[in-house]
Amino acid sequence: MFRTKRSGLVRRLWRSRAPVEGDGELDRGTHGSGGCCMGKTTKVAKSNAGSEAELKALTHSILKKIKEKQLEVLLQAVESKGGARSPCLLLPSKVDAKVGQQSYSLPMLLYKVFRWPDLRHSSELKRLSCCESYGKINPELVCCNPHHMSRLCELESPPPPYSRYPMDYLKPPDSPDSGPSSSDTGGTTYSAPVGLSDSLALQESGERAHWCVVAYWEEKTRVGRLYSVQEPSLDIFYDLPQGNGFCLGQLCSENKSQLVQMVRAKIGYGIQLTREPDGVWVYNRSCYPIFIKSATLDNPDSRTLLVHKVFPGFSIKAFDYDKAGTLQRPNDHEFTQQPRTGFTVQISFVKGWGQCYTRQFISSCPCWLEVIFNTR
């Protein structure tokens with residue numbers, strides 16, 4: 001019997017569904033022992049054969065009603081794991097599907113099948129700004145592309161103990177030295193390079209003003225020039241099938257450390273940095289956790305800054321404009337590239353730092369970023 005193109009696309013999509021625990025397909029880098037920021041698990045137990053068969057039948061029946069071109073769009077997004085730029089998949093938002101006793105909207109069903117089997121409610125999601133449905137309220141057609149969505153990273157209260165900095169390690173806010181002392185870095189005295197000279201030169205040359213600049217570091221060494229950001233969204237990656245942005249893989253690094261090279265290779269699709277009306281969001285596109293430290297992520301009365309772990313597929317508001325205006329002390333980083341008069345966010349790939357890690361300071365992390373906001 002001849003098989004149609006549509007049925008072939010549907011079968012490929014089902015084979016590309018998000019794995020659940022017990023499938024033997026889970027990427028240990030993608031799913032940790034705890035969930036994003038709150039210590040919630042992102043694994044779910046494999047469903048019984050009955051519910052699995054019911055989910056498969058329901059998914060097949062829905063996918064077979066979608067146009068072939070739309071199936072191709074969905075397949076491109078799912079097979080590339082969001083690495084290829086795929087258009088929106090606009091489908092009716094009012095269609096409901098029922099699995100067992102649970103009803104799901106059509107978008108929610110596709111998000112569960114192809115990204116997050118443990119997803120419970122749409123309030124756990126954040127739409128990416130690249131999506132046509134971004135900012136729209138209850139449209140008749142809504143984008144169902146699973147890779148135009150992210151999971152919201154909610155902050156835990158009280159913070160996890162691993163992320164609290166002992167006060168002995170922090171410099172006073174009026175310290176004139178922006179780099180760590182020799183005791184902080186294990187015996188090496190280091191002075192950070194002049195932070196904004198590259199980006200200020202761009203601004204003086206008449207180019208459009210930047211809203212932030214990004215520095216890439218390998219341990220205590222900055223690699224490449226500062227990257228000035230004018231567009232609302234920036235992809236920072238090591239290896240991305242399609243897309244433009246800050247490609248770390250093209251930078252010339254003289255670091256021969258095996259750990260640095262291993263972590264560099266794991267950056268993969270990296271992160272997406274987006275300026276939105278309420279602040280700056282970071283979306284983890286890679287297959288491994290990232291770690292973020294920002295003054296606006298914590299309680300204004302806190303005497304220390306915390307390091308927050310963000311799992312793959314999750315987004316976090318790394319910088320809040322309204323909150324920033326109320327802070328007396330914009331930075332509390334032990335290692336910063338500019339004087340303490342502006343805001344910076346520090347992001348480490350794969351490896352964390354803090355009291356319960358072997359790395360006490362981000363300057364010991366193999367690969368990390370410093371995002372320096374333009375407050376002019």
# chains A, B, ... in the order shown; residues from 1 in each chain; ligands from 1
call {"tool": "closest_atom_pairs", "arguments": {"of": "stretch 126-158 of chain A", "to": "stretch 84-95 of chain A", "cutoff": "7 Å", "atoms": "only C-alpha atoms", "output": "tab-separated table"}}
result
residue	atom	partner	partner_atom	distance
A:Cys131	CA	A:Cys88	CA	6.4
A:Glu132	CA	A:Cys88	CA	6.6
A:Glu140	CA	A:Pro92	CA	5.9
A:Leu141	CA	A:Pro92	CA	4.6
A:Val142	CA	A:Leu90	CA	5.2
A:Cys143	CA	A:Leu90	CA	4.4
A:Cys144	CA	A:Leu89	CA	5.2
A:Asn145	CA	A:Leu89	CA	5.2
call {"tool": "residues_around", "arguments": {"residues": "A:Leu119", "least_positions_apart": "5", "cutoff": "9 Å", "atoms": "only C-alpha atoms", "output": "PyMOL selection string"}}
result
chain A and resi 42+108+111-112+124-125+151
call {"tool": "closest_residue", "arguments": {"among": "A:Ala324, A:Cys367, A:Leu306, A:Leu297", "to": "A:Gln355", "atoms": "only C-alpha atoms"}}
result
A:Leu306
call {"tool": "residues_around", "arguments": {"residues": "stretch 253-267 of chain A", "least_positions_apart": "5", "cutoff": "9 Å", "atoms": "only C-alpha atoms", "output": "PyMOL selection string"}}
result
chain A and resi 218-219+221+223-224+237-239+248+286-288+349-351+365-367
call {"tool": "residues_around", "arguments": {"residues": "A:Val214", "least_positions_apart": "3", "cutoff": "6 Å", "atoms": "only C-alpha atoms", "output": "list in words"}}
result
Leu226, Tyr227, Glu370 and Val371 of chain A
call {"tool": "atom_distance", "arguments": {"atom1": "atom CA of A:Met149", "atom2": "atom CA of A:Gly135"}}
result
12.6 Å
call {"tool": "residues_around", "arguments": {"residues": "A:Tyr269", "least_positions_apart": "4", "cutoff": "10 Å", "atoms": "only C-alpha atoms", "output": "PyMOL selection string"}}
result
chain A and resi 81-83+235-243+247+284-287
call {"tool": "residues_around", "arguments": {"residues": "stretch 60-72 of chain A", "least_positions_apart": "3", "cutoff": "7 Å", "atoms": "only C-alpha atoms", "output": "ChimeraX atom specification"}}
result
/A:6,9-10,56-57,75-76,89
call {"tool": "write_last_selection", "arguments": {"atoms": "C-alpha atoms", "output": "tab-separated table (two decimals), in the first residue's frame"}}
result
chain	number	residue	atom	x	y	z
A	6	ARG	CA	1.44	13.43	5.19
A	9	LEU	CA	5.61	13.41	8.22
A	10	VAL	CA	3.33	12.38	11.08
A	56	LYS	CA	-0.22	8.45	20.24
A	57	ALA	CA	-3.64	7.95	18.64
A	75	LEU	CA	9.07	18.89	11.83
A	76	GLN	CA	11.83	21.40	11.03
A	89	LEU	CA	2.65	27.42	13.24
